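Novice: Sharing a structure with you now.
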Amino acid sequence: MIDLRLLREDPDRVRASQRARGEDVALVDSLLSADERRRSSGVRFDELRAEQKALGKLIPKASGDEKAELLKKASRLAAEVKAADAERDAAATETQELLQRLGNLVHPDVPVGGEEDFVTLETHGTIRDFGAEGFEPKDHLELGQILGAIDVERGAKVSGSRFYFLTGVGALLELALVNAAMAQATAAGFTPMLTPALVRPQSMAGTGFLGQAAQDVYHLADDDLYLVGTSEVPLAAYHMDEILDADRLPLRYAGFSPCFRREAGSHGKDTRGIFRVHQFDKVEMFSYVAPEDSQAEHQRLLEWEKQWLTSLELPFRVIDVASADLGSSAARKFDCEAWIPTQGKYRELTSTSDCAEFQSRRLSIRVRDGKQVRPLATLNGTLCAVPRTIVAILENHQQADGSVRVPEVLRPYLGGREVLEPVAK
């Protein structure tokens with residue numbers, strides 16, 4: 001959530017942020033009104049309580065008619081205090097509820113607009129000319145079947161659409177990717193983490209995934225637990241309700257977990273293969289830093305993502321995501337999109353978001369710097385979303401006979417294998 005003081009001091013900035021997100025601007029005025037009622041009712045309650053305490057000291061000293069009159073006044077005052085307390089609580093609850101609905105403040109450098117209004121910042125690698133090489137590229141699903149690596153038919157039989165099996169070299173390729181990604185993250189100073197896949201509501205809400213993203217979240221109603229769509233959730237909630245010492249920052253974690261997404265709004269999109277699925281594994285980077293260091297940390301996370309994609313020898317571009325496509329928690333987000341030959345376009349493989357103080361305020365995570373205690377900043381960045389990375393590797397490194405060249409960075413994790421060969425029919 002945002003700082004209420006900032007809302008009071010510069011409501012136009014918050015309105016502009018909501019407008020850029022394509023969200024309800026009127027929410028800002030409703031929140032301002034609720035906050036004013038919360039503060040004024042709090043003042044009224046404090047005044048009445050002070051009067052009540054003062055009266056309580058007079059009653060034992062009074063007698064006769066004076067005491068009777070004071071007791072009547074005390075009775076009326078008790079009712080007024082109770083009413084003021086209820087009004088204060090109601091206003092505080094309304095303020096909190098409205099504050100939870102407000103998105104993070106959009107960074108001023110973010111391009112304004114919808115999904116297609118991003119700005120391309122960098123382009124890396126060379127897109128292969130398969131025509132010049134004399135063959136038509138196969139898509140990842142055909143290659144996966146040739147290699148005995150992907151089985152979507154049995155995935156659908158067992159679990160339904162958008163599920164799959166990774167088999168043979170497909171399973172080995174996932175393990176290689178996860179181990180290589182964790183090795184890079186560990187070398188960069190991240191602490192490896194295996195995180196829970198089920199979290200409590202306060203963890204999911206605290207990271208901002210029960211707002212506009214709620215339709216994509218799986219909820220186990222009988223247990224009131226949520227399946228995570230990313231290990232960002234348990235990594236953000238890891239220090240919930242804690243005060244961290246400033247000399248411990250930055251804290252960097254690399255989480256590996258299964259991820260679950262309903263993909264509720266993706267009917268008809270990416271239905272072939274394993275690009276958009278309900279369950280997948282992912283290595284996620286997560287940082288806790290001082291707020292003044294968040295933009296520099298955001299650039300570092302982006303550099304680690306670029307290092308990873310470069311090591312996989314993939315052509316990719318970096319985009320500055322537009323305001324209406326940020327998600328409620330992010331103040332700014334960069335995506336790395338790899339070239340997918342059979343689609344003839346770049347598709348998102350990794351994403352890194354600067355959430356500033358938004359999540360730490362919701363999760364009550366603070367930093368102690370000397371005598372000052374204040375919210376800190378959280379950031380997240382995908383290092384390897386496995387299925388999409390497999391898609392990009394298979395399609396970009398395929399050869400005319402259906403085999404696939406293995407990027408050098410993965411070979412130590414595949415027993416030195418340089419090529420994935422088609423399986424015998």
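Chain lettering (A, B, ...) mirrors the order of the structure tokens, residue numbering begins at 1 for each chain separately, and ligand numbering begins at 1 in order of display.
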Mind listing the strand (DSSP E or B) residues of region 10-163 of chain A, per DSSP on the backbone, as a ChimeraX atom specification?

Specialist: /A:119-124,150-151

Novice: Atoms to include: N, CA, C and O atoms. Write the selected residues as an mmCIF file, in the first residue's frame.

Specialist:
```cif
data_model
loop_
_atom_site.group_PDB
_atom_site.id
_atom_site.type_symbol
_atom_site.label_atom_id
_atom_site.label_comp_id
_atom_site.auth_asym_id
_atom_site.auth_seq_id
_atom_site.Cartn_x
_atom_site.Cartn_y
_atom_site.Cartn_z
ATOM 1 N N VAL A 119 7.965 0.396 -24.217
ATOM 2 C CA VAL A 119 9.103 0.990 -24.923
ATOM 3 C C VAL A 119 10.234 -0.033 -24.953
ATOM 4 O O VAL A 119 10.594 -0.593 -23.906
ATOM 5 N N THR A 120 10.767 -0.309 -26.130
ATOM 6 C CA THR A 120 11.899 -1.232 -26.250
ATOM 7 C C THR A 120 13.173 -0.501 -25.842
ATOM 8 O O THR A 120 13.522 0.542 -26.400
ATOM 9 N N LEU A 121 13.883 -1.058 -24.859
ATOM 10 C CA LEU A 121 15.091 -0.432 -24.331
ATOM 11 C C LEU A 121 16.363 -0.994 -24.960
ATOM 12 O O LEU A 121 17.319 -0.259 -25.207
ATOM 13 N N GLU A 122 16.389 -2.296 -25.205
ATOM 14 C CA GLU A 122 17.590 -2.949 -25.730
ATOM 15 C C GLU A 122 17.170 -4.164 -26.557
ATOM 16 O O GLU A 122 16.121 -4.753 -26.314
ATOM 17 N N THR A 123 18.035 -4.539 -27.492
ATOM 18 C CA THR A 123 17.862 -5.782 -28.239
ATOM 19 C C THR A 123 19.197 -6.516 -28.240
ATOM 20 O O THR A 123 20.246 -5.903 -28.453
ATOM 21 N N HIS A 124 19.143 -7.820 -27.979
ATOM 22 C CA HIS A 124 20.365 -8.623 -27.865
ATOM 23 C C HIS A 124 20.287 -9.861 -28.753
ATOM 24 O O HIS A 124 19.207 -10.443 -28.926
ATOM 25 N N ILE A 150 8.283 -33.866 -24.489
ATOM 26 C CA ILE A 150 7.036 -33.213 -24.060
ATOM 27 C C ILE A 150 5.853 -34.084 -24.436
ATOM 28 O O ILE A 150 5.758 -34.549 -25.579
ATOM 29 N N ASP A 151 4.952 -34.291 -23.492
ATOM 30 C CA ASP A 151 3.736 -35.070 -23.762
ATOM 31 C C ASP A 151 2.541 -34.283 -23.232
ATOM 32 O O ASP A 151 2.241 -34.302 -22.038
#
```

Novice: Using only C-alpha atoms, find each residue of region 80-191 of chain A with at least one atom at most 10 Å away from an atom of region 407-414 of chain A; report its shortest atom-to-atom pair and that distance in Å (one decimal), sort the rows by chain and rising residue number, and return the result as JSON lines.

Specialist:
```
{"residue": "A:Val169", "atom": "CA", "partner": "A:Leu414", "partner_atom": "CA", "distance": 8.9}
{"residue": "A:Leu172", "atom": "CA", "partner": "A:Leu414", "partner_atom": "CA", "distance": 7.0}
{"residue": "A:Leu173", "atom": "CA", "partner": "A:Leu414", "partner_atom": "CA", "distance": 7.3}
{"residue": "A:Leu175", "atom": "CA", "partner": "A:Tyr413", "partner_atom": "CA", "distance": 7.8}
{"residue": "A:Ala176", "atom": "CA", "partner": "A:Tyr413", "partner_atom": "CA", "distance": 4.9}
{"residue": "A:Leu177", "atom": "CA", "partner": "A:Leu410", "partner_atom": "CA", "distance": 6.8}
{"residue": "A:Val178", "atom": "CA", "partner": "A:Tyr413", "partner_atom": "CA", "distance": 9.5}
{"residue": "A:Asn179", "atom": "CA", "partner": "A:Tyr413", "partner_atom": "CA", "distance": 7.2}
{"residue": "A:Ala180", "atom": "CA", "partner": "A:Leu410", "partner_atom": "CA", "distance": 6.5}
{"residue": "A:Ala181", "atom": "CA", "partner": "A:Leu410", "partner_atom": "CA", "distance": 9.5}
```

Novice: Please provide the set of residues having any atom within 10 Å of Arg262 (chain A), restricted to only C-alpha atoms, with same-chain residues fewer than 4 positions apart removed, written as a list in words.

Specialist: Arg162, Ala214, Gln215, Asp216, Val217, Tyr218, Gly229, Ser266, Val277, His278 and Gln279 of chain A

Novice: Identify, on the basis of only C-alpha atoms, every residue whose closest approach to Glu142 (chain A) does not exceed 12 Å; exclude the query and any residue fewer than 2 positions from it along the same chain; express the result as a list in words.

Specialist: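 My reading of the contact set: Pro137, Lys138, Asp139, His140, Gly144, Gln145, Ile146, Leu147, Gly148, Ala149, Ile150, Asp151, Val152, Arg272, Gly273, Ile274, Thr342, Val391, Leu394, Glu395, Gln398, Gly402, Ser403 and Pro422 of chain A.
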
Novice: As number ranges by chain, list the residues of region 157-306 of chain A assigned to alpha helix (DSSP H) by DSSP on the backbone atoms of this structure.

Specialist: A: 157-159, 169-187, 201-206, 232-237, 294-306

Novice: With C-alpha atoms retained, write the just-selected residues as an mmCIF file, in the first residue's frame.

Specialist:
```cif
data_model
loop_
_atom_site.group_PDB
_atom_site.id
_atom_site.type_symbol
_atom_site.label_atom_id
_atom_site.label_comp_id
_atom_site.auth_asym_id
_atom_site.auth_seq_id
_atom_site.Cartn_x
_atom_site.Cartn_y
_atom_site.Cartn_z
ATOM 1 C CA LYS A 157 -5.778 -36.956 -20.190
ATOM 2 C CA VAL A 158 -4.536 -36.919 -16.605
ATOM 3 C CA SER A 159 -5.224 -33.321 -15.585
ATOM 4 C CA VAL A 169 15.476 -35.301 -22.019
ATOM 5 C CA GLY A 170 12.623 -32.847 -21.354
ATOM 6 C CA ALA A 171 12.737 -33.696 -17.650
ATOM 7 C CA LEU A 172 16.543 -33.603 -17.681
ATOM 8 C CA LEU A 173 16.464 -30.240 -19.453
ATOM 9 C CA GLU A 174 14.277 -28.778 -16.702
ATOM 10 C CA LEU A 175 16.640 -30.024 -14.013
ATOM 11 C CA ALA A 176 19.607 -28.616 -15.933
ATOM 12 C CA LEU A 177 17.928 -25.216 -16.255
ATOM 13 C CA VAL A 178 17.021 -25.080 -12.564
ATOM 14 C CA ASN A 179 20.499 -26.095 -11.440
ATOM 15 C CA ALA A 180 22.227 -23.669 -13.825
ATOM 16 C CA ALA A 181 19.930 -20.815 -12.770
ATOM 17 C CA MET A 182 20.498 -21.557 -9.083
ATOM 18 C CA ALA A 183 24.248 -21.707 -9.695
ATOM 19 C CA GLN A 184 24.184 -18.249 -11.288
ATOM 20 C CA ALA A 185 22.030 -16.834 -8.484
ATOM 21 C CA THR A 186 24.215 -18.357 -5.767
ATOM 22 C CA ALA A 187 27.356 -16.985 -7.416
ATOM 23 C CA PRO A 201 -4.570 -15.263 2.820
ATOM 24 C CA GLN A 202 -2.513 -12.553 4.529
ATOM 25 C CA SER A 203 0.560 -13.650 2.582
ATOM 26 C CA MET A 204 -1.252 -13.599 -0.756
ATOM 27 C CA ALA A 205 -3.041 -10.302 -0.034
ATOM 28 C CA GLY A 206 0.117 -8.714 1.356
ATOM 29 C CA GLU A 232 7.578 -14.107 -4.925
ATOM 30 C CA VAL A 233 4.636 -14.580 -2.539
ATOM 31 C CA PRO A 234 6.305 -16.741 0.137
ATOM 32 C CA LEU A 235 9.603 -14.882 -0.310
ATOM 33 C CA ALA A 236 7.872 -11.535 0.295
ATOM 34 C CA ALA A 237 5.995 -12.914 3.305
ATOM 35 C CA SER A 294 15.455 0.155 -5.010
ATOM 36 C CA GLN A 295 16.020 1.648 -8.477
ATOM 37 C CA ALA A 296 19.666 0.568 -8.512
ATOM 38 C CA GLU A 297 18.652 -2.905 -7.336
ATOM 39 C CA HIS A 298 16.058 -3.045 -10.110
ATOM 40 C CA GLN A 299 18.818 -2.492 -12.664
ATOM 41 C CA ARG A 300 20.925 -5.199 -11.016
ATOM 42 C CA LEU A 301 18.068 -7.709 -11.228
ATOM 43 C CA LEU A 302 17.627 -6.845 -14.894
ATOM 44 C CA GLU A 303 21.367 -7.375 -15.509
ATOM 45 C CA TRP A 304 21.199 -10.820 -13.894
ATOM 46 C CA GLU A 305 18.255 -11.725 -16.142
ATOM 47 C CA LYS A 306 20.137 -10.508 -19.211
#
```

Novice: If we count only C-alpha atoms and set the cut-off at 12 Å, which residues sit around Lys53 (chain A), ignoring sequence neighbours fewer than 4 positions away in its own chain? Please answer as a PyMOL selection string.

Specialist: chain A and resi 46-49+57-59+74+77-78+81

Novice: Looking at only C-alpha atoms, which of A:Leu166, A:Met285, A:Ala377, A:Ala385 is the one that sits closest to Cys259 (chain A)?

Specialist: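 For Cys259 (chain A), the nearest of the given residues is A:Ala385.
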
Novice: Give me the residues of region 216-311 of chain A that have any atom at most 6 Å from an atom of region 352-369 of chain A; for each, the nearest atom pair and the distance in Å, rounded to one decimal. Use only C-alpha atoms, sort by chain and number, and format it as CSV.

Specialist:
```
residue,atom,partner,partner_atom,distance
A:Met240,CA,A:Leu363,CA,5.2
A:Asp241,CA,A:Ser364,CA,4.8
A:Glu242,CA,A:Ile365,CA,5.2
A:Ile243,CA,A:Arg366,CA,4.7
A:Leu244,CA,A:Val367,CA,4.6
A:Asp245,CA,A:Arg368,CA,4.9
A:Ala246,CA,A:Asp369,CA,5.2
A:His298,CA,A:Asp354,CA,6.0
```

Novice: Store the residues of this selection in a file with C-alpha atoms, as a PDB file, in the first residue's frame.

Specialist:
```pdb
ATOM      1  CA  MET A 240       6.286 -10.522   7.463  1.00  0.00           C
ATOM      2  CA  ASP A 241       5.798  -8.640  10.778  1.00  0.00           C
ATOM      3  CA  GLU A 242       9.556  -8.292  11.280  1.00  0.00           C
ATOM      4  CA  ILE A 243      11.959  -5.397  11.811  1.00  0.00           C
ATOM      5  CA  LEU A 244      15.275  -5.989  10.033  1.00  0.00           C
ATOM      6  CA  ASP A 245      18.512  -4.267  10.951  1.00  0.00           C
ATOM      7  CA  ALA A 246      19.819  -1.970   8.205  1.00  0.00           C
ATOM      8  CA  HIS A 298      16.058  -3.045 -10.110  1.00  0.00           C
TER       9      HIS A 298
END
```

Novice: Considering only C-alpha atoms, state which residue in the set A:Lys61, A:Arg417, A:Lys73, A:Arg37 is at the smallest distance from Ala90 (chain A).

Specialist: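 Ranking A:Lys61, A:Arg417, A:Lys73, A:Arg37 by distance to Ala90 (chain A), first place goes to A:Arg37.
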
Novice: Can you pull out the residues contacting Asp89 (chain A)? Cut-off 12 Å, using only C-alpha atoms, and skip same-chain residues under 2 positions away; I want them as a list in words.

Specialist: Ala34, Asp35, Arg37, Arg38, Arg39, Ser40, Ser41, Gly42, Phe45, Lys82, Ala83, Ala84, Asp85, Ala86, Glu87, Ala91, Ala92, Thr93, Glu94, Thr95 and Gln96 of chain A

Novice: With all heavy atoms kept, could you save the residues just selected as a compact mmCIF listing (two decimals), in the first residue's frame?

Specialist:
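Here's the written file selection-v7.txt:
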```
# COMPACT_ATOMS: atom_id res chain seq x y z
N ALA A 34 -12.45 9.01 3.71
CA ALA A 34 -12.43 8.03 4.80
C ALA A 34 -11.31 8.33 5.78
O ALA A 34 -11.48 8.23 7.01
CB ALA A 34 -12.28 6.62 4.24
N ASP A 35 -10.16 8.74 5.26
CA ASP A 35 -9.02 9.06 6.12
C ASP A 35 -9.31 10.28 6.98
O ASP A 35 -8.94 10.32 8.17
CB ASP A 35 -7.78 9.30 5.25
CG ASP A 35 -6.55 9.65 6.07
OD1 ASP A 35 -6.26 8.91 7.03
OD2 ASP A 35 -5.91 10.66 5.75
N ARG A 37 -12.30 11.22 8.00
CA ARG A 37 -13.24 10.76 9.04
C ARG A 37 -12.49 9.97 10.11
O ARG A 37 -12.80 10.09 11.30
CB ARG A 37 -14.35 9.91 8.43
CG ARG A 37 -15.34 10.70 7.57
CD ARG A 37 -16.61 9.91 7.33
NE ARG A 37 -16.37 8.62 6.71
CZ ARG A 37 -16.22 8.43 5.40
NH1 ARG A 37 -16.26 9.47 4.57
NH2 ARG A 37 -16.01 7.22 4.91
N ARG A 38 -11.54 9.18 9.70
CA ARG A 38 -10.76 8.39 10.66
C ARG A 38 -9.99 9.29 11.61
O ARG A 38 -10.00 9.09 12.84
CB ARG A 38 -9.78 7.49 9.90
CG ARG A 38 -8.87 6.64 10.80
CD ARG A 38 -7.82 5.91 9.98
NE ARG A 38 -6.88 6.83 9.36
CZ ARG A 38 -5.78 7.30 9.94
NH1 ARG A 38 -5.51 6.98 11.20
NH2 ARG A 38 -4.97 8.13 9.30
N ARG A 39 -9.38 10.31 11.06
CA ARG A 39 -8.58 11.21 11.91
C ARG A 39 -9.47 12.08 12.80
O ARG A 39 -9.18 12.27 13.99
CB ARG A 39 -7.67 12.07 11.04
CG ARG A 39 -6.53 11.28 10.40
CD ARG A 39 -5.53 12.18 9.70
NE ARG A 39 -6.14 12.87 8.56
CZ ARG A 39 -5.76 14.06 8.12
NH1 ARG A 39 -4.81 14.74 8.76
NH2 ARG A 39 -6.34 14.60 7.07
N SER A 40 -10.54 12.63 12.23
CA SER A 40 -11.41 13.51 13.03
C SER A 40 -12.14 12.72 14.11
O SER A 40 -12.31 13.22 15.25
CB SER A 40 -12.41 14.24 12.13
OG SER A 40 -13.25 13.32 11.45
N SER A 41 -12.58 11.51 13.80
CA SER A 41 -13.25 10.70 14.82
C SER A 41 -12.27 10.26 15.89
O SER A 41 -12.62 10.11 17.06
CB SER A 41 -13.93 9.47 14.18
OG SER A 41 -12.99 8.64 13.52
N GLY A 42 -11.00 10.07 15.50
CA GLY A 42 -9.97 9.75 16.49
C GLY A 42 -9.74 10.90 17.45
O GLY A 42 -9.58 10.70 18.67
N PHE A 45 -12.75 11.08 19.74
CA PHE A 45 -12.68 10.03 20.76
C PHE A 45 -11.69 10.42 21.86
O PHE A 45 -11.98 10.27 23.05
CB PHE A 45 -12.25 8.71 20.11
CG PHE A 45 -12.00 7.61 21.10
CD1 PHE A 45 -13.06 6.90 21.66
CD2 PHE A 45 -10.70 7.28 21.49
CE1 PHE A 45 -12.83 5.88 22.59
CE2 PHE A 45 -10.46 6.27 22.41
CZ PHE A 45 -11.53 5.58 22.95
N LYS A 82 -18.47 5.56 23.61
CA LYS A 82 -18.70 4.29 22.90
C LYS A 82 -19.05 4.55 21.43
O LYS A 82 -18.55 3.86 20.52
CB LYS A 82 -19.85 3.54 23.58
CG LYS A 82 -20.11 2.17 22.98
CD LYS A 82 -21.20 1.44 23.76
CE LYS A 82 -21.45 0.07 23.15
NZ LYS A 82 -22.52 -0.67 23.88
N ALA A 83 -19.86 5.55 21.18
CA ALA A 83 -20.25 5.89 19.80
C ALA A 83 -19.04 6.40 19.01
O ALA A 83 -18.85 6.04 17.84
CB ALA A 83 -21.37 6.92 19.81
N ALA A 84 -18.23 7.25 19.67
CA ALA A 84 -17.04 7.79 18.99
C ALA A 84 -16.04 6.69 18.69
O ALA A 84 -15.39 6.70 17.63
CB ALA A 84 -16.40 8.87 19.87
N ASP A 85 -15.93 5.74 19.61
CA ASP A 85 -15.02 4.61 19.40
C ASP A 85 -15.47 3.77 18.20
O ASP A 85 -14.66 3.36 17.36
CB ASP A 85 -14.99 3.76 20.67
CG ASP A 85 -13.92 2.69 20.62
OD1 ASP A 85 -12.90 2.90 19.92
OD2 ASP A 85 -14.08 1.64 21.27
N ALA A 86 -16.78 3.53 18.11
CA ALA A 86 -17.31 2.75 17.00
C ALA A 86 -17.12 3.48 15.68
O ALA A 86 -16.78 2.88 14.65
CB ALA A 86 -18.80 2.46 17.23
N GLU A 87 -17.33 4.81 15.71
CA GLU A 87 -17.16 5.62 14.50
C GLU A 87 -15.70 5.60 14.06
O GLU A 87 -15.40 5.49 12.87
CB GLU A 87 -17.61 7.05 14.77
CG GLU A 87 -17.56 7.95 13.54
CD GLU A 87 -18.02 9.37 13.83
OE1 GLU A 87 -18.57 9.60 14.92
OE2 GLU A 87 -17.81 10.24 12.97
N ALA A 91 -14.37 4.01 10.50
CA ALA A 91 -13.63 4.85 9.56
C ALA A 91 -12.25 4.26 9.29
O ALA A 91 -11.76 4.28 8.16
CB ALA A 91 -13.49 6.26 10.10
N ALA A 92 -11.61 3.70 10.33
CA ALA A 92 -10.29 3.08 10.16
C ALA A 92 -10.39 1.85 9.27
O ALA A 92 -9.54 1.62 8.41
CB ALA A 92 -9.71 2.71 11.52
N THR A 93 -11.44 1.05 9.46
CA THR A 93 -11.65 -0.14 8.64
C THR A 93 -11.88 0.24 7.19
O THR A 93 -11.31 -0.37 6.26
CB THR A 93 -12.85 -0.95 9.17
OG1 THR A 93 -12.57 -1.39 10.50
CG2 THR A 93 -13.11 -2.16 8.29
N GLU A 94 -12.73 1.25 6.96
CA GLU A 94 -13.00 1.70 5.60
C GLU A 94 -11.73 2.23 4.93
O GLU A 94 -11.46 1.94 3.76
CB GLU A 94 -14.08 2.77 5.59
CG GLU A 94 -14.45 3.23 4.18
CD GLU A 94 -15.48 4.34 4.17
OE1 GLU A 94 -15.94 4.75 5.26
OE2 GLU A 94 -15.82 4.82 3.06
N THR A 95 -10.95 3.00 5.70
CA THR A 95 -9.69 3.55 5.17
C THR A 95 -8.76 2.42 4.75
O THR A 95 -8.17 2.45 3.66
CB THR A 95 -8.99 4.43 6.22
OG1 THR A 95 -9.85 5.51 6.57
CG2 THR A 95 -7.68 4.97 5.70
N GLN A 96 -8.64 1.41 5.59
CA GLN A 96 -7.75 0.29 5.30
C GLN A 96 -8.22 -0.49 4.07
O GLN A 96 -7.42 -0.88 3.21
CB GLN A 96 -7.64 -0.63 6.51
CG GLN A 96 -6.51 -1.64 6.45
CD GLN A 96 -5.14 -0.99 6.49
OE1 GLN A 96 -5.00 0.16 6.91
NE2 GLN A 96 -4.13 -1.70 6.02
```

Novice: To one decimal place, how far is CA of Gly415 (chain A) from CA of Ile390 (chain A) in Å?

Specialist: 17.9 Å

Novice: Any idea what's packed within 12 Å of Leu102 (chain A), counting only C-alpha atoms, ignoring anything in its chain fewer than 3 positions away? Could you give it as a ChimeraX atom specification?

Specialist: /A:1-4,7,14-15,17-19,21-32,95-99,105-106,208,211-212,327-330,358,362

Novice: Go ahead and save the residues from that selection, with C-alpha atoms, as a CSV table (one decimal), in the first residue's frame.

Specialist:
```csv
chain,number,residue,atom,x,y,z
A,1,MET,CA,0.0,0.0,0.0
A,2,ILE,CA,1.1,3.6,-0.4
A,3,ASP,CA,1.9,6.1,2.4
A,4,LEU,CA,-1.2,7.9,3.6
A,7,LEU,CA,-1.8,10.8,-0.4
A,14,VAL,CA,-2.0,9.5,-6.8
A,15,ARG,CA,-4.8,10.4,-9.1
A,17,SER,CA,-1.0,7.2,-11.1
A,18,GLN,CA,-4.5,5.6,-11.0
A,19,ARG,CA,-5.3,7.2,-14.3
A,21,ARG,CA,-3.0,2.4,-14.6
A,22,GLY,CA,-6.5,2.7,-16.1
A,23,GLU,CA,-7.9,2.3,-12.6
A,24,ASP,CA,-10.7,4.1,-10.7
A,25,VAL,CA,-9.5,7.7,-10.0
A,26,ALA,CA,-12.6,8.3,-7.7
A,27,LEU,CA,-11.0,5.8,-5.3
A,28,VAL,CA,-8.5,8.5,-4.3
A,29,ASP,CA,-11.3,10.9,-3.2
A,30,SER,CA,-13.1,8.1,-1.3
A,31,LEU,CA,-9.9,7.3,0.5
A,32,LEU,CA,-9.2,10.9,1.3
A,95,THR,CA,-9.7,3.5,5.2
A,96,GLN,CA,-7.7,0.3,5.3
A,97,GLU,CA,-10.1,-1.4,2.8
A,98,LEU,CA,-9.8,1.4,0.3
A,99,LEU,CA,-6.1,1.7,0.8
A,105,LEU,CA,2.4,4.7,-7.4
A,106,VAL,CA,3.6,4.4,-11.0
A,208,GLY,CA,-0.9,-7.8,-3.9
A,211,GLY,CA,-6.6,-7.6,-6.2
A,212,GLN,CA,-6.7,-7.5,-10.0
A,327,GLY,CA,0.2,-5.2,-12.0
A,328,SER,CA,-0.9,-3.5,-8.8
A,329,SER,CA,2.3,-4.0,-6.8
A,330,ALA,CA,4.9,-2.8,-9.3
A,358,PHE,CA,4.1,-1.2,-1.4
A,362,ARG,CA,1.1,-4.4,3.6
```

Novice: Which residue is closest to Val110 (chain A)? Choose from A:Ala331, A:Ala68, A:Phe275, A:Leu249 and count only C-alpha atoms.

Specialist: A:Ala331

Novice: What is the CA of Glu133 (chain A) to CA of Val318 (chain A) distance in Å?

Specialist: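 Those two atoms sit 27.1 Å apart.
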
Novice: Could you please determine the separation between CA of Thr191 (chain A) and CA of Ser257 (chain A) in Å, to one decimal place?

Specialist: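 Rounded to one decimal, the two atoms are 14.3 Å apart.
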
Novice: Which residue is closest to Gly255 (chain A)? Choose from A:Ile340, A:Met193, A:Val112, A:Leu198 and count only C-alpha atoms.

Specialist: A:Met193

Novice: In terms of the shortest atom-to-atom distance over only C-alpha atoms, which of A:Leu383, A:Leu309, A:Leu349, A:Val406 is closest to Arg276 (chain A)?

Specialist: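 Of the candidates, the smallest distance to Arg276 (chain A) is held by A:Leu349.
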